[in-house]
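Structure file data-v7.pdb with PDB, C-alpha atoms:
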```pdb
ATOM      1  CA  MET M   1     -16.537 206.685  54.958  1.00  0.00           C
ATOM      2  CA  GLY M   2     -19.228 208.603  53.084  1.00  0.00           C
ATOM      3  CA  PHE M   3     -22.002 206.982  51.104  1.00  0.00           C
ATOM      4  CA  GLN M   4     -22.682 208.031  47.527  1.00  0.00           C
ATOM      5  CA  GLN M   5     -26.079 207.002  46.191  1.00  0.00           C
ATOM      6  CA  PRO M   6     -25.967 205.519  42.661  1.00  0.00           C
ATOM      7  CA  ARG M   7     -28.151 207.199  40.068  1.00  0.00           C
ATOM      8  CA  LEU M   8     -31.162 205.079  39.126  1.00  0.00           C
ATOM      9  CA  SER M   9     -30.780 203.840  35.538  1.00  0.00           C
ATOM     10  CA  PRO M  10     -33.768 203.075  33.248  1.00  0.00           C
ATOM     11  CA  VAL M  11     -33.661 199.264  33.009  1.00  0.00           C
ATOM     12  CA  VAL M  12     -32.814 198.854  36.691  1.00  0.00           C
ATOM     13  CA  LYS M  13     -35.809 201.067  37.494  1.00  0.00           C
ATOM     14  CA  ILE M  14     -38.098 198.887  35.363  1.00  0.00           C
ATOM     15  CA  LEU M  15     -36.769 195.695  36.975  1.00  0.00           C
ATOM     16  CA  LEU M  16     -37.279 197.132  40.459  1.00  0.00           C
ATOM     17  CA  ILE M  17     -40.871 198.116  39.699  1.00  0.00           C
ATOM     18  CA  LEU M  18     -41.620 194.803  37.989  1.00  0.00           C
ATOM     19  CA  ASN M  19     -40.254 192.758  40.874  1.00  0.00           C
ATOM     20  CA  VAL M  20     -42.270 194.707  43.427  1.00  0.00           C
ATOM     21  CA  ALA M  21     -45.455 194.462  41.350  1.00  0.00           C
ATOM     22  CA  VAL M  22     -45.046 190.704  40.877  1.00  0.00           C
ATOM     23  CA  PHE M  23     -44.315 190.286  44.591  1.00  0.00           C
ATOM     24  CA  VAL M  24     -47.553 192.038  45.522  1.00  0.00           C
ATOM     25  CA  LEU M  25     -49.592 190.030  43.000  1.00  0.00           C
ATOM     26  CA  GLN M  26     -47.919 186.772  44.026  1.00  0.00           C
ATOM     27  CA  HIS M  27     -48.897 187.149  47.660  1.00  0.00           C
ATOM     28  CA  ALA M  28     -52.313 188.585  46.839  1.00  0.00           C
ATOM     29  CA  PHE M  29     -53.151 185.514  44.750  1.00  0.00           C
ATOM     30  CA  SER M  30     -51.894 183.306  47.548  1.00  0.00           C
ATOM     31  CA  GLN M  31     -53.832 185.117  50.247  1.00  0.00           C
ATOM     32  CA  PHE M  32     -57.144 185.720  48.484  1.00  0.00           C
ATOM     33  CA  GLY M  33     -57.231 183.369  45.498  1.00  0.00           C
ATOM     34  CA  ASP M  34     -55.824 180.114  46.860  1.00  0.00           C
ATOM     35  CA  ILE M  35     -53.586 179.940  43.758  1.00  0.00           C
ATOM     36  CA  PRO M  36     -50.175 178.181  44.066  1.00  0.00           C
ATOM     37  CA  VAL M  37     -48.217 180.814  42.158  1.00  0.00           C
ATOM     38  CA  GLU M  38     -44.797 179.290  42.926  1.00  0.00           C
ATOM     39  CA  LEU M  39     -45.875 175.944  41.487  1.00  0.00           C
ATOM     40  CA  PHE M  40     -46.714 177.469  38.107  1.00  0.00           C
ATOM     41  CA  PHE M  41     -44.060 180.169  37.841  1.00  0.00           C
ATOM     42  CA  GLY M  42     -41.214 179.016  40.110  1.00  0.00           C
ATOM     43  CA  PHE M  43     -38.591 176.900  38.358  1.00  0.00           C
ATOM     44  CA  SER M  44     -38.400 173.133  38.710  1.00  0.00           C
ATOM     45  CA  PRO M  45     -36.791 170.844  36.078  1.00  0.00           C
ATOM     46  CA  ASN M  46     -39.647 168.331  36.255  1.00  0.00           C
ATOM     47  CA  LEU M  47     -42.264 170.922  35.332  1.00  0.00           C
ATOM     48  CA  PHE M  48     -40.004 172.688  32.839  1.00  0.00           C
ATOM     49  CA  PHE M  49     -39.634 169.487  30.823  1.00  0.00           C
ATOM     50  CA  SER M  50     -43.366 168.918  31.162  1.00  0.00           C
ATOM     51  CA  GLY M  51     -44.031 172.072  29.158  1.00  0.00           C
ATOM     52  CA  TYR M  52     -43.724 174.884  31.714  1.00  0.00           C
ATOM     53  CA  VAL M  53     -40.949 176.485  29.676  1.00  0.00           C
ATOM     54  CA  TRP M  54     -41.687 180.014  30.908  1.00  0.00           C
ATOM     55  CA  GLN M  55     -40.404 179.063  34.360  1.00  0.00           C
ATOM     56  CA  VAL M  56     -36.790 179.521  33.267  1.00  0.00           C
ATOM     57  CA  VAL M  57     -37.399 183.297  33.431  1.00  0.00           C
ATOM     58  CA  THR M  58     -40.485 183.822  35.597  1.00  0.00           C
ATOM     59  CA  TYR M  59     -38.969 182.188  38.690  1.00  0.00           C
ATOM     60  CA  SER M  60     -36.587 185.124  39.066  1.00  0.00           C
ATOM     61  CA  PHE M  61     -39.450 187.579  39.656  1.00  0.00           C
ATOM     62  CA  LEU M  62     -40.991 185.674  42.587  1.00  0.00           C
ATOM     63  CA  HIS M  63     -39.850 186.068  46.204  1.00  0.00           C
ATOM     64  CA  GLY M  64     -40.591 184.409  49.519  1.00  0.00           C
ATOM     65  CA  ASN M  65     -41.006 187.343  51.876  1.00  0.00           C
ATOM     66  CA  MET M  66     -40.082 190.980  52.409  1.00  0.00           C
ATOM     67  CA  TRP M  67     -36.485 190.327  53.489  1.00  0.00           C
ATOM     68  CA  HIS M  68     -35.933 188.057  50.501  1.00  0.00           C
ATOM     69  CA  ILE M  69     -37.006 190.647  47.941  1.00  0.00           C
ATOM     70  CA  LEU M  70     -35.349 193.558  49.776  1.00  0.00           C
ATOM     71  CA  PHE M  71     -31.906 191.969  49.639  1.00  0.00           C
ATOM     72  CA  ASN M  72     -32.179 191.092  45.948  1.00  0.00           C
ATOM     73  CA  LEU M  73     -33.516 194.486  44.919  1.00  0.00           C
ATOM     74  CA  PHE M  74     -30.980 196.335  47.046  1.00  0.00           C
ATOM     75  CA  ALA M  75     -28.139 194.437  45.351  1.00  0.00           C
ATOM     76  CA  LEU M  76     -29.733 195.037  41.932  1.00  0.00           C
ATOM     77  CA  TYR M  77     -29.886 198.748  42.709  1.00  0.00           C
ATOM     78  CA  MET M  78     -26.343 199.023  44.052  1.00  0.00           C
ATOM     79  CA  PHE M  79     -24.560 197.042  41.328  1.00  0.00           C
ATOM     80  CA  GLY M  80     -26.982 197.256  38.424  1.00  0.00           C
ATOM     81  CA  ASN M  81     -26.843 201.024  38.015  1.00  0.00           C
ATOM     82  CA  GLN M  82     -23.067 201.011  37.553  1.00  0.00           C
ATOM     83  CA  LEU M  83     -23.175 198.151  35.056  1.00  0.00           C
ATOM     84  CA  GLU M  84     -26.069 199.545  33.026  1.00  0.00           C
ATOM     85  CA  GLY M  85     -24.222 202.868  32.835  1.00  0.00           C
ATOM     86  CA  ARG M  86     -21.279 201.055  31.302  1.00  0.00           C
ATOM     87  CA  TRP M  87     -23.081 198.581  29.045  1.00  0.00           C
ATOM     88  CA  GLY M  88     -26.264 200.394  28.105  1.00  0.00           C
ATOM     89  CA  GLY M  89     -29.793 199.236  28.831  1.00  0.00           C
ATOM     90  CA  LYS M  90     -30.092 196.562  26.126  1.00  0.00           C
ATOM     91  CA  ASN M  91     -26.849 194.787  26.975  1.00  0.00           C
ATOM     92  CA  PHE M  92     -27.505 195.072  30.696  1.00  0.00           C
ATOM     93  CA  LEU M  93     -30.925 193.432  30.377  1.00  0.00           C
ATOM     94  CA  LYS M  94     -29.454 190.682  28.225  1.00  0.00           C
ATOM     95  CA  TYR M  95     -26.764 190.005  30.806  1.00  0.00           C
ATOM     96  CA  TYR M  96     -29.298 190.001  33.652  1.00  0.00           C
ATOM     97  CA  LEU M  97     -31.571 187.488  31.917  1.00  0.00           C
ATOM     98  CA  VAL M  98     -28.667 185.279  30.830  1.00  0.00           C
ATOM     99  CA  CYS M  99     -27.566 185.024  34.475  1.00  0.00           C
ATOM    100  CA  ALA M 100     -31.112 184.175  35.571  1.00  0.00           C
ATOM    101  CA  VAL M 101     -31.356 181.434  32.935  1.00  0.00           C
ATOM    102  CA  GLY M 102     -27.844 180.253  33.813  1.00  0.00           C
ATOM    103  CA  GLY M 103     -28.931 179.567  37.375  1.00  0.00           C
ATOM    104  CA  ALA M 104     -31.791 177.381  36.138  1.00  0.00           C
ATOM    105  CA  ILE M 105     -29.492 175.558  33.709  1.00  0.00           C
ATOM    106  CA  LEU M 106     -26.941 174.616  36.363  1.00  0.00           C
ATOM    107  CA  GLN M 107     -29.702 173.382  38.673  1.00  0.00           C
ATOM    108  CA  THR M 108     -31.063 171.250  35.813  1.00  0.00           C
ATOM    109  CA  VAL M 109     -27.650 169.814  34.958  1.00  0.00           C
ATOM    110  CA  ILE M 110     -26.952 168.792  38.553  1.00  0.00           C
ATOM    111  CA  TRP M 111     -30.472 167.382  38.887  1.00  0.00           C
ATOM    112  CA  ALA M 112     -30.031 165.309  35.727  1.00  0.00           C
ATOM    113  CA  ALA M 113     -26.659 163.991  36.928  1.00  0.00           C
ATOM    114  CA  ALA M 114     -28.042 163.158  40.380  1.00  0.00           C
ATOM    115  CA  SER M 115     -31.032 161.380  38.843  1.00  0.00           C
ATOM    116  CA  GLN M 116     -28.788 159.244  36.635  1.00  0.00           C
ATOM    117  CA  LEU M 117     -26.425 158.320  39.434  1.00  0.00           C
ATOM    118  CA  SER M 118     -29.119 157.336  41.891  1.00  0.00           C
ATOM    119  CA  ALA M 119     -32.782 157.818  42.628  1.00  0.00           C
ATOM    120  CA  SER M 120     -31.882 159.745  45.753  1.00  0.00           C
ATOM    121  CA  SER M 121     -33.932 162.272  47.656  1.00  0.00           C
ATOM    122  CA  ALA M 122     -31.464 164.945  46.521  1.00  0.00           C
ATOM    123  CA  GLY M 123     -32.431 164.326  42.911  1.00  0.00           C
ATOM    124  CA  ALA M 124     -36.105 164.485  43.790  1.00  0.00           C
ATOM    125  CA  ILE M 125     -35.669 167.768  45.678  1.00  0.00           C
ATOM    126  CA  LEU M 126     -33.659 169.373  42.879  1.00  0.00           C
ATOM    127  CA  GLY M 127     -36.125 168.258  40.252  1.00  0.00           C
ATOM    128  CA  GLY M 128     -39.463 168.747  41.954  1.00  0.00           C
ATOM    129  CA  ARG M 129     -39.201 171.625  44.414  1.00  0.00           C
ATOM    130  CA  PRO M 130     -39.842 174.989  42.732  1.00  0.00           C
ATOM    131  CA  THR M 131     -37.170 177.653  43.157  1.00  0.00           C
ATOM    132  CA  ILE M 132     -37.940 181.366  43.330  1.00  0.00           C
ATOM    133  CA  GLY M 133     -35.886 184.553  43.591  1.00  0.00           C
ATOM    134  CA  ALA M 134     -33.668 186.911  41.595  1.00  0.00           C
ATOM    135  CA  SER M 135     -30.415 185.958  43.313  1.00  0.00           C
ATOM    136  CA  GLY M 136     -29.088 184.011  40.318  1.00  0.00           C
ATOM    137  CA  ALA M 137     -29.193 187.185  38.229  1.00  0.00           C
ATOM    138  CA  VAL M 138     -28.039 189.351  41.147  1.00  0.00           C
ATOM    139  CA  TYR M 139     -25.020 187.149  41.846  1.00  0.00           C
ATOM    140  CA  GLY M 140     -24.144 187.474  38.169  1.00  0.00           C
ATOM    141  CA  LEU M 141     -24.200 191.253  38.574  1.00  0.00           C
ATOM    142  CA  MET M 142     -21.924 191.052  41.617  1.00  0.00           C
ATOM    143  CA  LEU M 143     -19.508 188.860  39.669  1.00  0.00           C
ATOM    144  CA  ALA M 144     -19.396 191.360  36.803  1.00  0.00           C
ATOM    145  CA  PHE M 145     -18.815 194.261  39.190  1.00  0.00           C
ATOM    146  CA  GLY M 146     -16.035 192.341  40.937  1.00  0.00           C
ATOM    147  CA  ILE M 147     -14.315 191.623  37.620  1.00  0.00           C
ATOM    148  CA  LEU M 148     -14.744 195.004  35.969  1.00  0.00           C
ATOM    149  CA  TYR M 149     -14.138 197.144  39.066  1.00  0.00           C
ATOM    150  CA  SER M 150     -11.997 194.785  41.089  1.00  0.00           C
ATOM    151  CA  ASN M 151     -10.471 197.437  43.354  1.00  0.00           C
ATOM    152  CA  ALA M 152     -13.720 199.238  44.171  1.00  0.00           C
ATOM    153  CA  LEU M 153     -14.163 199.376  47.928  1.00  0.00           C
ATOM    154  CA  LEU M 154     -17.409 197.945  49.316  1.00  0.00           C
ATOM    155  CA  TYR M 155     -18.673 197.908  52.877  1.00  0.00           C
ATOM    156  CA  VAL M 156     -20.246 194.621  53.918  1.00  0.00           C
ATOM    157  CA  PHE M 157     -23.023 195.233  56.468  1.00  0.00           C
ATOM    158  CA  GLY M 158     -22.025 198.902  56.157  1.00  0.00           C
ATOM    159  CA  VAL M 159     -18.959 198.271  58.340  1.00  0.00           C
ATOM    160  CA  LEU M 160     -16.456 195.775  56.941  1.00  0.00           C
ATOM    161  CA  PRO M 161     -14.408 197.207  54.013  1.00  0.00           C
ATOM    162  CA  VAL M 162     -13.547 194.734  51.249  1.00  0.00           C
ATOM    163  CA  ARG M 163     -12.366 195.011  47.659  1.00  0.00           C
ATOM    164  CA  ALA M 164     -14.916 193.945  45.060  1.00  0.00           C
ATOM    165  CA  LYS M 165     -12.659 191.183  43.702  1.00  0.00           C
ATOM    166  CA  ASN M 166     -12.175 189.715  47.194  1.00  0.00           C
ATOM    167  CA  LEU M 167     -15.900 189.820  47.842  1.00  0.00           C
ATOM    168  CA  VAL M 168     -16.554 187.851  44.653  1.00  0.00           C
ATOM    169  CA  ILE M 169     -13.901 185.270  45.531  1.00  0.00           C
ATOM    170  CA  GLY M 170     -15.424 184.904  48.987  1.00  0.00           C
ATOM    171  CA  LEU M 171     -18.924 184.531  47.536  1.00  0.00           C
ATOM    172  CA  ILE M 172     -17.793 181.815  45.128  1.00  0.00           C
ATOM    173  CA  CYS M 173     -16.066 179.846  47.888  1.00  0.00           C
ATOM    174  CA  TYR M 174     -19.061 180.212  50.203  1.00  0.00           C
ATOM    175  CA  GLU M 175     -21.552 179.124  47.544  1.00  0.00           C
ATOM    176  CA  LEU M 176     -19.442 176.118  46.502  1.00  0.00           C
ATOM    177  CA  LEU M 177     -19.134 174.907  50.073  1.00  0.00           C
ATOM    178  CA  SER M 178     -22.794 175.561  50.775  1.00  0.00           C
ATOM    179  CA  ALA M 179     -23.930 173.747  47.630  1.00  0.00           C
ATOM    180  CA  VAL M 180     -21.936 170.657  48.654  1.00  0.00           C
ATOM    181  CA  PHE M 181     -22.529 170.560  52.404  1.00  0.00           C
ATOM    182  CA  PHE M 182     -25.778 172.491  52.901  1.00  0.00           C
ATOM    183  CA  SER M 183     -27.805 171.580  49.818  1.00  0.00           C
ATOM    184  CA  SER M 184     -30.930 170.935  51.883  1.00  0.00           C
ATOM    185  CA  SER M 185     -30.875 174.339  53.634  1.00  0.00           C
ATOM    186  CA  GLY M 186     -33.682 175.748  51.494  1.00  0.00           C
ATOM    187  CA  VAL M 187     -31.364 178.244  49.747  1.00  0.00           C
ATOM    188  CA  ALA M 188     -30.631 177.720  46.032  1.00  0.00           C
ATOM    189  CA  HIS M 189     -26.831 177.850  46.051  1.00  0.00           C
ATOM    190  CA  LEU M 190     -26.674 176.160  42.642  1.00  0.00           C
ATOM    191  CA  PHE M 191     -28.687 179.034  41.162  1.00  0.00           C
ATOM    192  CA  HIS M 192     -26.197 181.513  42.608  1.00  0.00           C
ATOM    193  CA  LEU M 193     -23.270 179.628  41.099  1.00  0.00           C
ATOM    194  CA  GLY M 194     -25.095 179.152  37.808  1.00  0.00           C
ATOM    195  CA  GLY M 195     -25.805 182.861  37.533  1.00  0.00           C
ATOM    196  CA  MET M 196     -22.167 183.706  38.191  1.00  0.00           C
ATOM    197  CA  LEU M 197     -20.926 181.086  35.729  1.00  0.00           C
ATOM    198  CA  ALA M 198     -23.270 182.290  32.989  1.00  0.00           C
ATOM    199  CA  GLY M 199     -22.191 185.880  33.582  1.00  0.00           C
ATOM    200  CA  TYR M 200     -18.518 184.934  33.436  1.00  0.00           C
ATOM    201  CA  ILE M 201     -18.979 183.070  30.160  1.00  0.00           C
ATOM    202  CA  LEU M 202     -20.871 185.980  28.601  1.00  0.00           C
ATOM    203  CA  LEU M 203     -18.175 188.436  29.651  1.00  0.00           C
ATOM    204  CA  LYS M 204     -15.490 186.120  28.322  1.00  0.00           C
ATOM    205  CA  VAL M 205     -17.224 185.760  24.966  1.00  0.00           C
ATOM    206  CA  LYS M 206     -18.475 189.324  24.500  1.00  0.00           C
ATOM    207  CA  GLY M 207     -15.781 191.228  26.349  1.00  0.00           C
ATOM    208  CA  PRO M 208     -15.992 193.652  29.277  1.00  0.00           C
ATOM    209  CA  ASN M 209     -18.368 196.054  27.507  1.00  0.00           C
ATOM    210  CA  LEU M 210     -20.474 193.265  25.934  1.00  0.00           C
ATOM    211  CA  THR M 211     -19.731 194.663  22.488  1.00  0.00           C
ATOM    212  CA  GLY M 212     -18.259 191.524  20.950  1.00  0.00           C
ATOM    213  CA  GLY M 213     -14.567 191.922  21.767  1.00  0.00           C
ATOM    214  CA  SER M 214     -13.665 188.813  23.749  1.00  0.00           C
ATOM    215  CA  GLY M 215     -11.392 188.508  26.748  1.00  0.00           C
ATOM    216  CA  GLY M 216      -9.311 191.077  28.530  1.00  0.00           C
ATOM    217  CA  PHE M 217     -11.863 191.986  31.194  1.00  0.00           C
ATOM    218  CA  GLY M 218      -9.291 191.585  33.934  1.00  0.00           C
ATOM    219  CA  LYS M 219      -7.347 194.623  32.719  1.00  0.00           C
ATOM    220  CA  LYS M 220      -7.713 198.093  34.207  1.00  0.00           C
ATOM    221  CA  ARG M 221      -9.884 200.344  32.065  1.00  0.00           C
ATOM    222  CA  PHE M 222      -9.964 203.602  33.962  1.00  0.00           C
ATOM    223  CA  GLY M 223     -10.867 206.616  31.893  1.00  0.00           C
ATOM    224  CA  ARG M 224     -11.966 204.663  28.822  1.00  0.00           C
ATOM    225  CA  LYS M 225     -15.262 205.192  27.072  1.00  0.00           C
ATOM    226  CA  GLY M 226     -18.043 203.305  28.840  1.00  0.00           C
ATOM    227  CA  GLY M 227     -15.931 202.716  31.940  1.00  0.00           C
ATOM    228  CA  MET M 228     -15.685 204.424  35.306  1.00  0.00           C
ATOM    229  CA  SER M 229     -13.201 207.090  36.235  1.00  0.00           C
ATOM    230  CA  ARG M 230     -10.804 206.583  39.106  1.00  0.00           C
ATOM    231  CA  GLU M 231     -12.940 208.854  41.250  1.00  0.00           C
ATOM    232  CA  GLU M 232     -16.091 206.877  40.469  1.00  0.00           C
ATOM    233  CA  VAL M 233     -14.385 203.607  41.349  1.00  0.00           C
ATOM    234  CA  ARG M 234     -13.637 205.020  44.801  1.00  0.00           C
ATOM    235  CA  GLN M 235     -17.332 205.199  45.589  1.00  0.00           C
ATOM    236  CA  ARG M 236     -18.092 203.515  48.862  1.00  0.00           C
ATOM    237  CA  LEU M 237     -20.981 201.094  48.627  1.00  0.00           C
ATOM    238  CA  ARG M 238     -22.607 199.418  51.611  1.00  0.00           C
ATOM    239  CA  ILE M 239     -24.152 196.011  51.126  1.00  0.00           C
ATOM    240  CA  VAL M 240     -26.104 193.819  53.481  1.00  0.00           C
ATOM    241  CA  GLY M 241     -26.086 190.077  53.937  1.00  0.00           C
ATOM    242  CA  ASN M 242     -28.820 187.737  52.721  1.00  0.00           C
ATOM    243  CA  PRO M 243     -30.959 186.683  55.692  1.00  0.00           C
ATOM    244  CA  GLN M 244     -30.972 182.900  55.928  1.00  0.00           C
ATOM    245  CA  ASP M 245     -34.094 182.283  57.940  1.00  0.00           C
ATOM    246  CA  ASP M 246     -35.517 178.800  57.898  1.00  0.00           C
ATOM    247  CA  ILE M 247     -39.035 179.542  56.657  1.00  0.00           C
ATOM    248  CA  LYS M 248     -39.050 178.178  53.133  1.00  0.00           C
ATOM    249  CA  GLU M 249     -42.681 177.464  52.330  1.00  0.00           C
ATOM    250  CA  GLY M 250     -44.697 178.763  49.418  1.00  0.00           C
ATOM    251  CA  ASP M 251     -48.423 179.054  48.870  1.00  0.00           C
ATOM    252  CA  LYS M 252     -50.441 176.692  51.055  1.00  0.00           C
ATOM    253  CA  GLY M 253     -47.360 175.135  52.620  1.00  0.00           C
ATOM    254  CA  LEU M 254     -45.738 173.967  49.366  1.00  0.00           C
ATOM    255  CA  PRO M 255     -41.983 173.443  49.858  1.00  0.00           C
ATOM    256  CA  ILE M 256     -39.928 175.888  47.812  1.00  0.00           C
ATOM    257  CA  THR M 257     -36.299 176.909  47.541  1.00  0.00           C
ATOM    258  CA  TRP M 258     -35.228 180.513  47.886  1.00  0.00           C
ATOM    259  CA  ASN M 259     -32.722 181.962  45.473  1.00  0.00           C
TER     260      ASN M 259
END
```
Just give me the structure of the file as structure tokens.
Amino acid sequence: MGFQQPRLSPVVKILLILNVAVFVLQHAFSQFGDIPVELFFGFSPNLFFSGYVWQVVTYSFLHGNMWHILFNLFALYMFGNQLEGRWGGKNFLKYYLVCAVGGAILQTVIWAAASQLSASSAGAILGGRPTIGASGAVYGLMLAFGILYSNALLYVFGVLPVRAKNLVIGLICYELLSAVFFSSSGVAHLFHLGGMLAGYILLKVKGPNLTGGSGGFGKKRFGRKGGMSREEVRQRLRIVGNPQDDIKEGDKGLPITWN
């Protein structure tokens, strides 16, 4: 039942610092400068196709409040260190950004389909409301951990033991159901699914170590170069749930979606 703290890896450290710095600046500009940061740097398909192309990456560094950023950075810390240790910093950063972009792509695809089928409010919300948060990339990291270290034992809320592969399956089912039945909840479930899908595709194409060898990432790889030993896989990690509070407003009351 012990807790073993992961060693902080270089790229994860940079991402943690960058996210915190952007969070402070984001809310400082909102509080003192009357600048709608989420509108310019959060992702929305309408603005992206109007020339705000940077949003496909910048949205993932913005967060709604302290609980929002704490969950995402905690998950980045817990899962990212293990994956960067296996892949190396360059490949880890590439995977992280691909998952972030993948979340935005899936949101855009669903928005485009909804807009073609009908001029519904759902299409307007998906296309016009900016989305912020690193959860698309973080969910991609959780997917990779669940695939590569499927039997690693995690503790949800620090109490409930669950295998990594079962956690990932549960997350996918939850996000699919939530995207269909709770799309107006203010949480970007499509970004979560998009991040996981992009991560899966990258692993399938590049292989478990992202070195170019495709497929085979479902096999056990204990003791191999770049992998974890049996003892390391037994590390007990404790993760917390994502608070789903209902306050989903950005600068000056602008409606936003949390991811």
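The residue set within 10 Å of range 176-182 of chain M, counting all atoms listed in the file and dropping same-chain residues fewer than 5 places from it, reads Gly170, Leu171, Val187, Ala188, His189, Leu190, Phe191, His192 and Leu193 of chain M.
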Same residues, C-alpha atoms, saved as a PDB file, keeping the file's coordinate frame:
```
ATOM      1  CA  GLY M 170     -15.424 184.904  48.987  1.00  0.00           C
ATOM      2  CA  LEU M 171     -18.924 184.531  47.536  1.00  0.00           C
ATOM      3  CA  VAL M 187     -31.364 178.244  49.747  1.00  0.00           C
ATOM      4  CA  ALA M 188     -30.631 177.720  46.032  1.00  0.00           C
ATOM      5  CA  HIS M 189     -26.831 177.850  46.051  1.00  0.00           C
ATOM      6  CA  LEU M 190     -26.674 176.160  42.642  1.00  0.00           C
ATOM      7  CA  PHE M 191     -28.687 179.034  41.162  1.00  0.00           C
ATOM      8  CA  HIS M 192     -26.197 181.513  42.608  1.00  0.00           C
ATOM      9  CA  LEU M 193     -23.270 179.628  41.099  1.00  0.00           C
TER      10      LEU M 193
END
```
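Restricting the calculation to all atoms listed in the file, the smallest distance between Leu148 in chain M and any of M:Thr131, M:Gln82, M:Gln116, M:Gln107 is found for M:Gln82.
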For this session: Could you expand the PyMOL selection byres ((chain M and resi 88) around 12) into the explicit residues it covers here, written as number ranges by chain?
Result: M: 9-12, 80-87, 89-95, 209-211, 226-227
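Counting only C-alpha atoms, the residue from M:Val56, M:Leu70, M:Ala112, M:Leu25 that sits nearest to Ala100 in chain M is M:Val56.
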Problem set entry | CA of Ser60 in chain M to CA of Pro36 in chain M, distance in Å rounded to a single decimal | 16.1 Å
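Nearest to Pro208 in chain M of all the residues M:Val22, M:Tyr174, M:Ile147, M:Met196 is M:Ile147, based on only C-alpha atoms.
When only C-alpha atoms are used to measure the gap to Ser115 in chain M, the shortest distance among M:Asn72, M:Gln55, M:Asn46, M:Asn65 belongs to M:Asn46.
Evaluating the PyMOL selection byres ((chain M and resi 142) around 9) against the shown model yields Ala75, Leu76, Phe79, Gly80, Ala137, Val138, Tyr139, Gly140, Leu141, Leu143, Ala144, Phe145, Gly146, Ile147, Ala164, Leu167, Val168 and Met196 of chain M.
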Filtering to C-alpha atoms, could you give me those residues as a PDB file, keeping the file's coordinate frame?
```
ATOM      1  CA  ALA M  75     -28.139 194.437  45.351  1.00  0.00           C
ATOM      2  CA  LEU M  76     -29.733 195.037  41.932  1.00  0.00           C
ATOM      3  CA  PHE M  79     -24.560 197.042  41.328  1.00  0.00           C
ATOM      4  CA  GLY M  80     -26.982 197.256  38.424  1.00  0.00           C
ATOM      5  CA  ALA M 137     -29.193 187.185  38.229  1.00  0.00           C
ATOM      6  CA  VAL M 138     -28.039 189.351  41.147  1.00  0.00           C
ATOM      7  CA  TYR M 139     -25.020 187.149  41.846  1.00  0.00           C
ATOM      8  CA  GLY M 140     -24.144 187.474  38.169  1.00  0.00           C
ATOM      9  CA  LEU M 141     -24.200 191.253  38.574  1.00  0.00           C
ATOM     10  CA  LEU M 143     -19.508 188.860  39.669  1.00  0.00           C
ATOM     11  CA  ALA M 144     -19.396 191.360  36.803  1.00  0.00           C
ATOM     12  CA  PHE M 145     -18.815 194.261  39.190  1.00  0.00           C
ATOM     13  CA  GLY M 146     -16.035 192.341  40.937  1.00  0.00           C
ATOM     14  CA  ILE M 147     -14.315 191.623  37.620  1.00  0.00           C
ATOM     15  CA  ALA M 164     -14.916 193.945  45.060  1.00  0.00           C
ATOM     16  CA  LEU M 167     -15.900 189.820  47.842  1.00  0.00           C
ATOM     17  CA  VAL M 168     -16.554 187.851  44.653  1.00  0.00           C
ATOM     18  CA  MET M 196     -22.167 183.706  38.191  1.00  0.00           C
TER      19      MET M 196
END
```
Exercise. What gap, in Å, lies between CA of Ser44 in chain M and CA of Ala113 in chain M?
Worked result: 15.0 Å
For this session: Please indicate the distance in Å from CA of Gly194 in chain M to CA of Leu16 in chain M, rounded to one decimal place.
Result: 21.9 Å
Problem set entry | Contacts of Thr58 in chain M within 10 Å, all atoms listed in the file, excl. fewer than 2 positions in-chain, as a VMD selection string | chain M and resid 22 38 40 to 43 53 to 56 60 to 62 100 to 101 132 to 134
Problem set entry | Nearest-residue call for Asn19 in chain M, choices M:Tyr155, M:Ile172, M:His63, M:Gln31, using only C-alpha atoms | M:His63
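You can rank M:Pro161, M:Gly195, M:Pro45, M:Gly51 by their closest distance to Gly102 in chain M using all atoms listed in the file, and at the top of that list sits M:Gly195.
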